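Structure data follow from protein.csv (CSV, C-alpha atoms):
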```
chain,number,residue,atom,x,y,z
A,1001,MET,CA,18.4,44.8,-8.6
A,1002,ARG,CA,18.9,42.1,-11.1
A,1003,VAL,CA,18.0,38.5,-10.2
A,1004,ALA,CA,21.5,37.3,-10.6
A,1005,GLU,CA,22.8,39.9,-8.3
A,1006,ALA,CA,20.1,39.1,-5.8
A,1007,TRP,CA,21.2,35.4,-5.8
A,1008,ARG,CA,24.8,36.5,-5.3
A,1009,VAL,CA,23.9,38.7,-2.3
A,1010,ALA,CA,21.8,36.0,-0.9
A,1011,LEU,CA,24.6,33.5,-1.1
A,1012,ASP,CA,27.0,35.9,0.5
A,1013,ALA,CA,24.5,36.5,3.4
A,1014,LEU,CA,24.1,32.7,3.9
A,1015,ARG,CA,27.9,32.2,3.9
A,1016,ALA,CA,28.3,35.0,6.4
A,1017,SER,CA,26.2,33.0,9.0
A,1018,ARG,CA,26.9,29.4,8.0
A,1019,LEU,CA,25.8,27.7,11.3
A,1020,ARG,CA,22.5,29.6,11.5
A,1021,SER,CA,21.8,28.9,7.9
A,1022,LEU,CA,22.5,25.2,8.3
A,1023,LEU,CA,20.3,24.9,11.4
A,1024,THR,CA,17.5,26.7,9.5
A,1025,MET,CA,17.8,24.4,6.5
A,1026,PHE,CA,17.8,21.4,8.8
A,1027,GLY,CA,14.1,21.9,9.6
A,1028,VAL,CA,13.2,22.0,5.9
A,1029,LEU,CA,15.5,19.0,5.2
A,1030,ILE,CA,13.6,16.8,7.8
A,1031,GLY,CA,10.2,17.9,6.4
A,1032,VAL,CA,11.1,17.2,2.8
A,1033,SER,CA,12.7,13.8,3.5
A,1034,ALA,CA,9.7,12.8,5.6
A,1035,VAL,CA,7.4,13.6,2.7
A,1036,VAL,CA,9.5,11.5,0.3
A,1037,VAL,CA,9.7,8.6,2.7
A,1038,LEU,CA,6.1,8.5,3.8
A,1039,VAL,CA,4.6,9.0,0.3
A,1040,GLY,CA,7.0,6.3,-0.9
A,1041,ILE,CA,5.7,3.9,1.7
A,1042,GLY,CA,2.1,4.7,1.0
A,1043,THR,CA,2.5,4.4,-2.7
A,1044,GLY,CA,4.4,1.2,-2.3
A,1045,ALA,CA,1.7,-0.3,-0.1
A,1046,LYS,CA,-0.9,0.6,-2.7
A,1047,GLN,CA,1.0,-1.0,-5.6
A,1048,GLU,CA,1.7,-4.1,-3.5
A,1049,VAL,CA,-2.1,-4.5,-2.9
A,1050,GLU,CA,-2.8,-4.0,-6.5
A,1051,THR,CA,-0.2,-6.6,-7.5
A,1052,GLN,CA,-1.6,-9.1,-5.0
A,1053,VAL,CA,-5.2,-8.7,-6.2
A,1054,GLU,CA,-4.2,-9.0,-9.8
A,1055,GLY,CA,-2.0,-12.0,-9.0
A,1056,LEU,CA,-5.1,-14.0,-7.9
A,1057,GLY,CA,-6.1,-14.3,-11.6
A,1058,SER,CA,-8.0,-12.4,-14.2
A,1059,ASN,CA,-11.7,-11.6,-14.7
A,1060,LEU,CA,-12.5,-13.0,-11.2
A,1061,LEU,CA,-16.0,-12.7,-9.6
A,1062,LEU,CA,-16.2,-13.6,-5.9
A,1063,VAL,CA,-19.6,-14.5,-4.4
A,1064,VAL,CA,-20.1,-14.7,-0.7
A,1065,PRO,CA,-23.1,-14.6,1.7
A,1066,GLY,CA,-23.8,-11.2,3.4
A,1067,LYS,CA,-22.5,-7.8,2.5
A,1068,VAL,CA,-18.9,-7.2,1.6
A,1069,GLN,CA,-17.8,-4.2,3.6
A,1070,PHE,CA,-15.2,-3.4,6.2
A,1071,GLY,CA,-16.3,-4.0,9.8
A,1072,ALA,CA,-19.3,-6.2,8.7
A,1073,ALA,CA,-19.8,-9.4,10.7
A,1074,PRO,CA,-19.5,-12.6,8.7
A,1075,THR,CA,-22.8,-14.2,7.6
A,1076,LEU,CA,-23.5,-17.9,8.0
A,1077,SER,CA,-23.4,-19.5,4.6
A,1078,ARG,CA,-26.4,-21.5,3.4
A,1079,MET,CA,-24.9,-22.4,0.1
A,1080,ASN,CA,-24.1,-26.0,-0.8
A,1081,LEU,CA,-22.7,-28.1,-3.7
A,1082,SER,CA,-26.1,-28.0,-5.5
A,1083,ASP,CA,-25.8,-24.2,-5.6
A,1084,VAL,CA,-22.4,-24.6,-7.2
A,1085,GLU,CA,-23.8,-26.8,-9.9
A,1086,ALA,CA,-26.6,-24.3,-10.5
A,1087,VAL,CA,-24.1,-21.4,-10.9
A,1088,ALA,CA,-22.0,-23.6,-13.2
A,1089,ARG,CA,-25.0,-24.0,-15.5
A,1090,ILE,CA,-25.4,-20.2,-15.6
A,1091,VAL,CA,-21.7,-19.7,-16.4
A,1092,GLY,CA,-21.8,-22.5,-19.0
A,1093,ASP,CA,-18.5,-24.1,-17.9
A,1094,ARG,CA,-18.0,-26.1,-14.7
A,1095,ASP,CA,-14.2,-25.4,-14.9
A,1096,ARG,CA,-14.9,-21.7,-14.4
A,1097,VAL,CA,-16.6,-22.1,-11.0
A,1098,SER,CA,-14.7,-22.9,-7.9
A,1099,ALA,CA,-16.1,-23.3,-4.4
A,1100,THR,CA,-14.5,-23.4,-1.0
A,1101,VAL,CA,-15.2,-24.4,2.6
A,1102,THR,CA,-12.6,-23.3,5.2
A,1103,SER,CA,-11.6,-24.1,8.7
A,1104,ALA,CA,-8.4,-23.7,10.8
A,1105,GLU,CA,-7.1,-27.1,12.0
A,1106,THR,CA,-4.1,-28.7,13.5
A,1107,VAL,CA,-2.0,-30.7,10.9
A,1108,ARG,CA,0.5,-33.3,12.2
A,1109,THR,CA,3.1,-35.7,11.0
A,1110,GLY,CA,5.2,-37.6,13.4
A,1111,THR,CA,6.2,-35.3,16.2
A,1112,ARG,CA,5.7,-32.1,14.1
A,1113,GLU,CA,2.5,-30.1,13.9
A,1114,THR,CA,1.3,-26.8,12.7
A,1115,TYR,CA,-2.0,-24.9,13.1
A,1116,THR,CA,-3.1,-23.6,9.7
A,1117,ASN,CA,-6.0,-23.0,7.3
A,1118,VAL,CA,-7.5,-26.1,5.7
A,1119,LEU,CA,-9.4,-25.4,2.5
A,1120,GLY,CA,-11.9,-27.8,0.9
A,1121,LEU,CA,-11.9,-27.0,-2.8
A,1122,LEU,CA,-12.9,-28.4,-6.2
A,1123,ASP,CA,-10.4,-29.9,-8.7
A,1124,ASN,CA,-10.7,-26.9,-11.0
A,1125,THR,CA,-9.3,-24.3,-8.6
A,1126,PRO,CA,-6.0,-23.9,-10.5
A,1127,LYS,CA,-8.0,-23.0,-13.6
A,1128,VAL,CA,-9.8,-20.2,-11.7
A,1129,PHE,CA,-6.9,-18.9,-9.6
A,1130,VAL,CA,-3.3,-18.5,-10.6
A,1131,ARG,CA,-1.5,-21.2,-8.5
A,1132,SER,CA,1.4,-23.3,-9.5
A,1133,LEU,CA,2.9,-26.5,-8.0
A,1134,SER,CA,6.6,-27.2,-7.1
A,1135,ARG,CA,6.1,-30.9,-6.5
A,1136,GLY,CA,3.5,-33.6,-7.3
A,1137,GLY,CA,0.0,-32.8,-8.6
A,1138,TYR,CA,-3.3,-31.2,-7.7
A,1139,LEU,CA,-6.7,-32.6,-6.8
A,1140,THR,CA,-8.6,-34.5,-9.5
A,1141,LYS,CA,-12.3,-34.8,-10.2
A,1142,SER,CA,-12.2,-38.4,-9.0
A,1143,ASP,CA,-10.7,-37.1,-5.7
A,1144,VAL,CA,-13.6,-34.7,-5.3
A,1145,ASP,CA,-16.3,-37.2,-6.4
A,1146,THR,CA,-15.2,-39.9,-4.0
A,1147,GLY,CA,-14.1,-37.6,-1.1
A,1148,ARG,CA,-10.7,-39.1,-1.2
A,1149,ARG,CA,-8.4,-38.1,1.7
A,1150,VAL,CA,-5.6,-36.5,-0.2
A,1151,ALA,CA,-3.9,-33.1,0.4
A,1152,VAL,CA,-1.8,-30.4,-1.3
A,1153,LEU,CA,0.4,-28.5,1.1
A,1154,GLY,CA,1.4,-24.8,1.0
A,1155,ALA,CA,5.2,-24.2,1.0
A,1156,THR,CA,5.3,-23.0,4.6
A,1157,VAL,CA,3.2,-26.0,5.8
A,1158,SER,CA,5.5,-28.4,3.9
A,1159,ARG,CA,8.6,-26.8,5.4
A,1160,ASP,CA,7.1,-26.8,9.0
A,1161,LEU,CA,6.1,-30.5,8.8
A,1162,PHE,CA,8.8,-32.1,6.6
A,1163,GLY,CA,11.7,-29.6,6.5
A,1164,GLU,CA,13.6,-30.0,3.2
A,1165,ARG,CA,12.3,-33.5,2.5
A,1166,ASP,CA,9.9,-34.2,-0.3
A,1167,PRO,CA,6.5,-34.8,1.4
A,1168,VAL,CA,4.7,-36.3,-1.7
A,1169,GLY,CA,3.4,-39.7,-0.8
A,1170,SER,CA,3.8,-39.1,3.0
A,1171,GLN,CA,0.9,-39.3,5.5
A,1172,ILE,CA,-0.4,-36.4,7.6
A,1173,THR,CA,-3.3,-36.1,9.9
A,1174,ILE,CA,-5.8,-33.2,9.8
A,1175,ALA,CA,-7.9,-32.9,12.9
A,1176,GLY,CA,-7.0,-36.4,13.7
A,1177,VAL,CA,-7.9,-37.9,10.3
A,1178,ARG,CA,-5.2,-39.3,8.1
A,1179,PHE,CA,-4.5,-37.8,4.6
A,1180,ARG,CA,-1.9,-38.6,1.9
A,1181,VAL,CA,0.1,-35.7,0.5
A,1182,ILE,CA,-0.1,-35.6,-3.3
A,1183,GLY,CA,1.5,-32.2,-4.0
A,1184,VAL,CA,3.2,-29.0,-2.8
A,1185,PHE,CA,2.5,-25.5,-4.0
A,1186,ALA,CA,5.2,-23.1,-5.2
A,1187,SER,CA,5.9,-20.3,-2.7
A,1188,LEU,CA,3.4,-17.4,-3.2
A,1189,GLY,CA,3.8,-15.3,-0.1
A,1190,GLN,CA,1.2,-12.8,1.3
A,1191,SER,CA,-1.9,-11.9,-0.5
A,1192,LEU,CA,-4.2,-9.2,1.0
A,1193,GLY,CA,-2.9,-10.0,4.5
A,1194,VAL,CA,-3.3,-13.8,4.2
A,1195,ASP,CA,-0.3,-16.1,4.0
A,1196,ARG,CA,-1.0,-18.2,0.9
A,1197,ASP,CA,1.8,-20.6,1.8
A,1198,ALA,CA,0.2,-21.5,5.1
A,1199,GLU,CA,-2.7,-23.5,3.5
A,1200,VAL,CA,-3.6,-27.1,3.0
A,1201,HIS,CA,-6.0,-27.9,0.1
A,1202,ILE,CA,-8.2,-31.0,0.3
A,1203,PRO,CA,-11.2,-32.1,-1.8
A,1204,ILE,CA,-14.3,-30.1,-0.8
A,1205,THR,CA,-16.3,-33.3,-0.2
A,1206,ALA,CA,-13.6,-34.6,2.2
A,1207,ALA,CA,-13.6,-31.3,4.0
A,1208,GLN,CA,-17.4,-31.2,4.5
A,1209,ARG,CA,-17.2,-34.7,6.0
A,1210,LEU,CA,-14.2,-33.7,8.1
A,1211,PHE,CA,-15.9,-30.4,9.4
A,1212,SER,CA,-19.3,-32.1,9.7
A,1213,THR,CA,-21.0,-29.6,7.5
A,1214,GLN,CA,-22.7,-29.4,4.1
A,1215,ARG,CA,-22.0,-25.7,3.6
A,1216,VAL,CA,-20.0,-23.9,0.9
A,1217,ASP,CA,-18.4,-20.7,2.2
A,1218,GLY,CA,-18.0,-18.9,-1.1
A,1219,LEU,CA,-17.7,-19.1,-4.9
A,1220,ALA,CA,-15.1,-17.9,-7.3
A,1221,ILE,CA,-16.0,-17.5,-10.9
A,1222,LYS,CA,-13.7,-16.8,-13.8
A,1223,ALA,CA,-15.7,-14.8,-16.3
A,1224,PRO,CA,-15.1,-15.5,-20.0
A,1225,ASP,CA,-14.2,-11.9,-20.6
A,1226,ALA,CA,-14.1,-8.6,-18.6
A,1227,ASP,CA,-17.1,-7.1,-20.3
A,1228,ARG,CA,-19.4,-9.9,-19.0
A,1229,ILE,CA,-18.4,-9.8,-15.3
A,1230,ASP,CA,-21.2,-7.4,-14.1
A,1231,GLU,CA,-23.9,-9.2,-16.1
A,1232,LEU,CA,-22.7,-12.5,-14.9
A,1233,GLY,CA,-22.7,-11.3,-11.3
A,1234,GLN,CA,-26.3,-10.2,-11.5
A,1235,GLN,CA,-27.4,-13.5,-13.0
A,1236,VAL,CA,-25.6,-15.5,-10.3
A,1237,LEU,CA,-27.0,-13.3,-7.5
A,1238,ALA,CA,-30.5,-13.7,-8.9
A,1239,GLU,CA,-30.2,-17.5,-8.9
A,1240,LEU,CA,-28.8,-17.6,-5.4
A,1241,ASN,CA,-31.5,-15.3,-4.1
A,1242,ARG,CA,-34.1,-17.5,-5.7
A,1243,ARG,CA,-32.7,-20.6,-4.1
A,1244,HIS,CA,-32.1,-18.9,-0.7
A,1245,PRO,CA,-34.6,-16.0,-0.4
A,1246,ASP,CA,-33.8,-15.5,3.3
A,1247,THR,CA,-30.1,-14.8,2.7
A,1248,GLU,CA,-28.4,-11.8,1.1
A,1249,PHE,CA,-25.4,-12.4,-1.2
A,1250,SER,CA,-22.7,-10.2,-2.6
A,1251,ALA,CA,-20.7,-10.4,-5.8
A,1252,VAL,CA,-17.5,-8.4,-6.0
A,1253,THR,CA,-14.9,-8.1,-8.8
A,1254,GLN,CA,-11.2,-7.5,-8.6
A,1255,GLU,CA,-11.8,-3.9,-9.8
A,1256,GLN,CA,-14.2,-3.2,-7.0
A,1257,ILE,CA,-11.8,-4.7,-4.4
A,1258,LEU,CA,-9.0,-2.6,-5.9
A,1259,GLY,CA,-11.2,0.5,-5.9
A,1260,VAL,CA,-12.1,0.2,-2.2
A,1261,LEU,CA,-8.6,-0.7,-1.1
A,1262,GLY,CA,-7.2,2.0,-3.4
A,1263,ASP,CA,-9.4,4.6,-1.8
A,1264,ILE,CA,-8.3,3.6,1.7
A,1265,LEU,CA,-4.6,3.5,0.8
A,1266,GLY,CA,-5.0,6.8,-1.0
A,1267,VAL,CA,-6.4,8.4,2.1
A,1268,LEU,CA,-3.6,6.8,4.1
A,1269,THR,CA,-1.0,8.2,1.8
A,1270,GLY,CA,-2.6,11.6,2.0
A,1271,VAL,CA,-2.6,11.4,5.8
A,1272,LEU,CA,1.1,10.4,5.9
A,1273,ALA,CA,1.9,13.3,3.6
A,1274,ALA,CA,0.0,15.7,5.8
A,1275,ILE,CA,1.9,14.5,8.9
A,1276,ALA,CA,5.1,15.1,7.0
A,1277,GLY,CA,3.8,18.5,5.9
A,1278,ILE,CA,3.6,19.5,9.6
A,1279,SER,CA,7.4,19.2,9.7
A,1280,LEU,CA,7.7,21.5,6.7
A,1281,LEU,CA,5.4,24.0,8.4
A,1282,VAL,CA,7.6,24.0,11.4
A,1283,GLY,CA,10.6,24.4,9.2
A,1284,GLY,CA,8.9,27.3,7.4
A,1285,VAL,CA,8.2,29.1,10.7
A,1286,GLY,CA,11.9,28.7,11.5
A,1287,VAL,CA,12.8,30.2,8.1
A,1288,SER,CA,10.5,33.2,8.7
A,1289,ASN,CA,11.9,33.7,12.2
A,1290,ILE,CA,15.5,33.6,11.1
A,1291,MET,CA,14.8,36.0,8.2
A,1292,LEU,CA,13.2,38.5,10.6
A,1293,VAL,CA,16.3,38.3,12.8
A,1294,SER,CA,18.4,38.9,9.6
A,1295,VAL,CA,16.4,42.0,8.7
A,1296,ARG,CA,16.9,43.4,12.2
A,1297,GLU,CA,20.7,42.7,12.1
A,1298,ARG,CA,21.1,44.2,8.7
A,1299,THR,CA,19.0,47.3,9.2
A,1300,ARG,CA,21.9,49.7,8.5
A,1301,GLU,CA,22.8,47.7,5.4
A,1302,ILE,CA,19.2,48.1,4.1
A,1303,GLY,CA,19.3,51.8,4.9
A,1304,LEU,CA,22.6,52.2,3.0
A,1305,ARG,CA,21.2,50.3,0.0
A,1306,LYS,CA,18.2,52.5,-0.1
A,1307,ALA,CA,20.3,55.7,0.3
A,1308,VAL,CA,22.3,54.8,-2.8
A,1309,GLY,CA,19.2,54.1,-4.9
A,1310,ALA,CA,17.8,50.7,-4.1
A,1311,ARG,CA,14.0,50.5,-4.5
A,1312,PRO,CA,11.8,48.8,-1.9
A,1313,ARG,CA,11.1,46.1,-4.5
A,1314,ASP,CA,14.8,45.4,-4.8
A,1315,ILE,CA,15.2,45.0,-1.1
A,1316,ALA,CA,12.1,42.7,-1.0
A,1317,VAL,CA,13.5,40.6,-3.8
A,1318,GLN,CA,16.8,40.3,-2.1
A,1319,PHE,CA,15.4,38.9,1.2
A,1320,LEU,CA,12.8,36.7,-0.6
A,1321,VAL,CA,15.5,35.1,-2.8
A,1322,GLU,CA,17.5,34.5,0.4
A,1323,ALA,CA,14.5,32.7,2.0
A,1324,VAL,CA,13.9,30.6,-1.1
A,1325,LEU,CA,17.5,29.7,-1.4
A,1326,LEU,CA,17.5,28.5,2.2
A,1327,THR,CA,14.5,26.2,1.6
A,1328,THR,CA,15.5,24.9,-1.8
A,1329,ILE,CA,19.0,23.9,-0.6
A,1330,GLY,CA,17.3,22.2,2.4
A,1331,GLY,CA,14.8,20.7,0.0
A,1332,VAL,CA,17.4,19.2,-2.3
A,1333,ALA,CA,19.3,17.8,0.7
A,1334,GLY,CA,16.0,16.4,2.1
A,1335,ILE,CA,15.1,14.7,-1.3
A,1336,ALA,CA,18.6,13.0,-1.3
A,1337,LEU,CA,18.1,11.9,2.3
A,1338,GLY,CA,14.6,10.7,1.6
A,1339,LEU,CA,15.7,8.7,-1.5
A,1340,GLY,CA,18.4,7.1,0.6
A,1341,ALA,CA,16.0,6.2,3.4
A,1342,VAL,CA,13.6,4.6,1.0
A,1343,TRP,CA,16.4,2.5,-0.5
A,1344,LEU,CA,17.3,1.3,3.0
A,1345,ILE,CA,13.7,0.5,3.8
A,1346,VAL,CA,13.4,-1.6,0.7
A,1347,ALA,CA,16.7,-3.3,1.3
A,1348,LEU,CA,16.5,-4.0,5.0
A,1349,SER,CA,12.8,-4.3,5.8
A,1350,PRO,CA,9.6,-6.0,4.5
A,1351,LEU,CA,7.9,-2.7,4.0
A,1352,PRO,CA,7.0,-1.9,0.4
A,1353,ALA,CA,8.2,1.5,-0.7
A,1354,VAL,CA,8.3,3.0,-4.2
A,1355,ILE,CA,9.8,6.3,-5.3
A,1356,THR,CA,7.6,8.1,-7.8
A,1357,TRP,CA,8.7,11.2,-9.8
A,1358,TRP,CA,5.7,13.2,-8.6
A,1359,SER,CA,6.6,12.8,-5.0
A,1360,VAL,CA,10.1,14.2,-5.7
A,1361,VAL,CA,8.7,17.1,-7.7
A,1362,LEU,CA,6.1,17.7,-5.0
A,1363,ALA,CA,8.7,17.7,-2.2
A,1364,PHE,CA,10.9,20.2,-4.1
A,1365,GLY,CA,8.0,22.4,-5.1
A,1366,VAL,CA,6.7,22.5,-1.5
A,1367,SER,CA,10.1,23.4,-0.2
A,1368,ALA,CA,10.4,26.3,-2.7
A,1369,ALA,CA,6.8,27.3,-1.8
A,1370,VAL,CA,7.7,27.3,1.9
A,1371,GLY,CA,10.5,29.8,1.2
A,1372,ILE,CA,8.2,32.1,-0.8
A,1373,ILE,CA,5.3,31.9,1.7
A,1374,PHE,CA,7.4,32.3,4.9
A,1375,GLY,CA,9.8,34.8,3.3
A,1376,VAL,CA,7.2,37.3,2.2
A,1377,ALA,CA,6.7,38.9,5.7
A,1378,PRO,CA,10.4,39.5,6.4
A,1379,ALA,CA,10.9,40.8,2.8
A,1380,GLN,CA,8.1,43.2,3.1
A,1381,ARG,CA,9.3,44.4,6.5
A,1382,ALA,CA,12.8,45.1,5.0
A,1383,ALA,CA,11.3,46.9,2.0
A,1384,ARG,CA,9.2,49.2,4.3
A,1385,LEU,CA,12.1,50.4,6.4
A,1386,ASP,CA,12.7,54.1,6.3
A,1387,PRO,CA,16.3,54.7,5.0
A,1388,VAL,CA,16.9,57.6,7.4
A,1389,VAL,CA,15.7,55.6,10.5
A,1390,ALA,CA,17.6,52.6,9.3
A,1391,LEU,CA,21.0,54.5,8.9
A,1392,ARG,CA,20.6,55.8,12.5
A,1393,THR,CA,20.2,52.3,13.9
A,1394,GLU,CA,23.0,51.1,16.1
```

Kindly return the structure encoded in the file as C-alpha cells.
Amino acid sequence: MRVAEAWRVALDALRASRLRSLLTMFGVLIGVSAVVVLVGIGTGAKQEVETQVEGLGSNLLLVVPGKVQFGAAPTLSRMNLSDVEAVARIVGDRDRVSATVTSAETVRTGTRETYTNVLGLLDNTPKVFVRSLSRGGYLTKSDVDTGRRVAVLGATVSRDLFGERDPVGSQITIAGVRFRVIGVFASLGQSLGVDRDAEVHIPITAAQRLFSTQRVDGLAIKAPDADRIDELGQQVLAELNRRHPDTEFSAVTQEQILGVLGDILGVLTGVLAAIAGISLLVGGVGVSNIMLVSVRERTREIGLRKAVGARPRDIAVQFLVEAVLLTTIGGVAGIALGLGAVWLIVALSPLPAVITWWSVVLAFGVSAAVGIIFGVAPAQRAARLDPVVALRTE
C-alpha cells in the first residue's frame, strides 16, 4: 500500500467515527497545550530573572558576610566604613564601590504612613547600579560626610505618602526622625522578588546613627571590565579576611547568580514539562485503546484486504498512519490552544510567559511520537490477523 493511499484510508476511517476520533484527539490536545503553556511560563520566568539581574548594572561584584546559598541563615556583618575605604583602595576608584546598611522602618508624613525598606547608601550608588530619578537629585558626598538627614523615595513610597504631589522639599519622618525629601526614583518594579520602588535611600552615615549601629551589611563593586571580576573578588576577600579573620565572606558575580537561578528555573521548567507530559501519556493510552477497538471492529475488513493481496506490512502501515493522524491533528489543535492561552496569560496576568520555537517543535514532535509509540501495538495486532479467521468473524 502506498503512503498516500494509507493516508486516504486513515482519513476515511476517522470520518466514519467522528465523535470517537474527536474524543481521542481531545486527550492529546490537552497534553500538547499544557506542554506549550507550562514551558512558556517556565521560559518566561527564566528570561525575566535574567533581565532583572542584568538590569542591576554591568560587571557587578557583590560582597556579603557568610556563604551565599539558598537556605543559609544570614550572618551578622562585622564590616564598617573603614572596610569600604580599604576595598576602594584595592579597586583604585572610590566611585566603583558602594556600601549599604538596611532596615525596615515606618515612614510617615502627616496622617499617611508606610512600612518599607530604608537603605543607608553612599553617594556613588547610581554609578554602581543602574538607577534613574524622575524628580529632584540623589545623595551627595557632602550629605554622606555630614550625615545629613535627606532622603530619596522610591516611586511606590512617594505615591503612598504624597499621592500625585511632588514630594521634593517636603518633610518625612523615618523611625520618628525627620528627613527632607530631595528626590524620587523612576519606577523600576520588581527585581529578584524585591520591590525596588518600595525603598527609601538615605546617607549611610545618617542610617548608622538612626539604626544605632556601625555595621555595613554588604558591598557592591563595579569592576572596570568583565575579565577582572574574579581576580578583583579574590583580592577583596583576602583583604576582608585579613581585617576580620573570624568572619567568612562571599563574593558573587551576576553570572554566578544567573547560573544558580538559571539551573533552578531550568529544573522547574523541566518539571512543568514532565507534568504536562503525563497528560500526553494518558492521551497516548487513549489512542492505543481506541485503535485496538478499531482493529476489533474492522476484523472482516482486514481479512478482506489480506484476501485480495494486502501484505501484513500494508495493514500495519494503515493502522499506524491512522494513529499518527489522530495525534498530529490533536497536536496541531493543542499548539494553537497553547499559543492562545499564553497570549491570554501575558495580556491578563502578571505571570511572565514566552513562546519559543523549540517548545512548539517539541510539542508537535512529541504528539507525533505518541501516535507512533502507542499505535505500534494495534498495528501489529491487525497485521498478524489470519485472513481466514478474520473473514469468519461476525

- request: For range 1018-1034 of chain A, work out the shell of residues within 9 Å, counting only C-alpha atoms and skipping chain neighbours fewer than 5 positions away, then give it as a PyMOL selection string.
  value: chain A and resi 1013+1039+1272-1273+1275-1284+1286-1287+1290+1326-1339+1341+1363-1364+1366-1367+1370

Please, could you write that set of residues out with C-alpha atoms as a short mmCIF file (atom, residue, chain, number, x, y, z; two decimals), in the frame of the given file?
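Once written, selection_20.cif looks like this:
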```
data_model
loop_
_atom_site.label_atom_id
_atom_site.label_comp_id
_atom_site.auth_asym_id
_atom_site.auth_seq_id
_atom_site.Cartn_x
_atom_site.Cartn_y
_atom_site.Cartn_z
CA ALA A 1013 24.50 36.50 3.40
CA VAL A 1039 4.60 9.00 0.30
CA LEU A 1272 1.10 10.40 5.90
CA ALA A 1273 1.90 13.30 3.60
CA ILE A 1275 1.90 14.50 8.90
CA ALA A 1276 5.10 15.10 7.00
CA GLY A 1277 3.80 18.50 5.90
CA ILE A 1278 3.60 19.50 9.60
CA SER A 1279 7.40 19.20 9.70
CA LEU A 1280 7.70 21.50 6.70
CA LEU A 1281 5.40 24.00 8.40
CA VAL A 1282 7.60 24.00 11.40
CA GLY A 1283 10.60 24.40 9.20
CA GLY A 1284 8.90 27.30 7.40
CA GLY A 1286 11.90 28.70 11.50
CA VAL A 1287 12.80 30.20 8.10
CA ILE A 1290 15.50 33.60 11.10
CA LEU A 1326 17.50 28.50 2.20
CA THR A 1327 14.50 26.20 1.60
CA THR A 1328 15.50 24.90 -1.80
CA ILE A 1329 19.00 23.90 -0.60
CA GLY A 1330 17.30 22.20 2.40
CA GLY A 1331 14.80 20.70 0.00
CA VAL A 1332 17.40 19.20 -2.30
CA ALA A 1333 19.30 17.80 0.70
CA GLY A 1334 16.00 16.40 2.10
CA ILE A 1335 15.10 14.70 -1.30
CA ALA A 1336 18.60 13.00 -1.30
CA LEU A 1337 18.10 11.90 2.30
CA GLY A 1338 14.60 10.70 1.60
CA LEU A 1339 15.70 8.70 -1.50
CA ALA A 1341 16.00 6.20 3.40
CA ALA A 1363 8.70 17.70 -2.20
CA PHE A 1364 10.90 20.20 -4.10
CA VAL A 1366 6.70 22.50 -1.50
CA SER A 1367 10.10 23.40 -0.20
CA VAL A 1370 7.70 27.30 1.90
#
```

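Atom pair CA of Val1097 in chain A / CA of Val1157 in chain A: separated by 26.3 Å.
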
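Across the structure, CA of Val1321 in chain A and CA of Trp1358 in chain A are spaced 24.7 Å apart.
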
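Nearest residue to Pro1378 in chain A, choosing from A:Trp1357, A:Ile1315, A:Ala1347, A:Gly1042 and counting all atoms listed in the file: A:Ile1315.
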
- request: With a distance cut-off of 12 Å and all atoms listed in the file, select the neighbouring residues of range 1078-1093 of chain A, excluding the residue or stretch itself and same-chain residues fewer than 6 positions from it, and output the selection as a ChimeraX atom specification.
  value: /A:1061,1063-1066,1099-1101,1120-1122,1124,1127-1128,1144-1145,1204-1205,1208,1213-1225,1228-1229,1231-1249

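Atom pair CA of Leu1265 in chain A / CA of Asn1117 in chain A: separated by 27.3 Å.
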
Near-Gly1136 in chain A list (12 Å; all atoms listed in the file; drop same-chain fewer than 6 positions) as a list in words: Val1150, Ala1151, Val1152, Leu1153, Asp1166, Pro1167, Val1168, Gly1169, Ser1170, Arg1180, Val1181, Ile1182, Gly1183, Val1184, Phe1185 and Ala1186 of chain A

- prompt: Which polymer residues, protein or nucleic acid, are no farther than 12 Å from (-4.4, -37.3, 6.5), counting only C-alpha atoms, as a PyMOL selection string?
  reply: chain A and resi 1105-1110+1118+1148-1153+1169-1182+1200-1203+1206-1207+1210

task: Check the smallest atom-to-atom distance from each of A:Val1376, A:Leu1133, A:Ala1104, A:Val1267 to Arg1313 in chain A using only C-alpha atoms, then report the winner.
output: A:Val1376
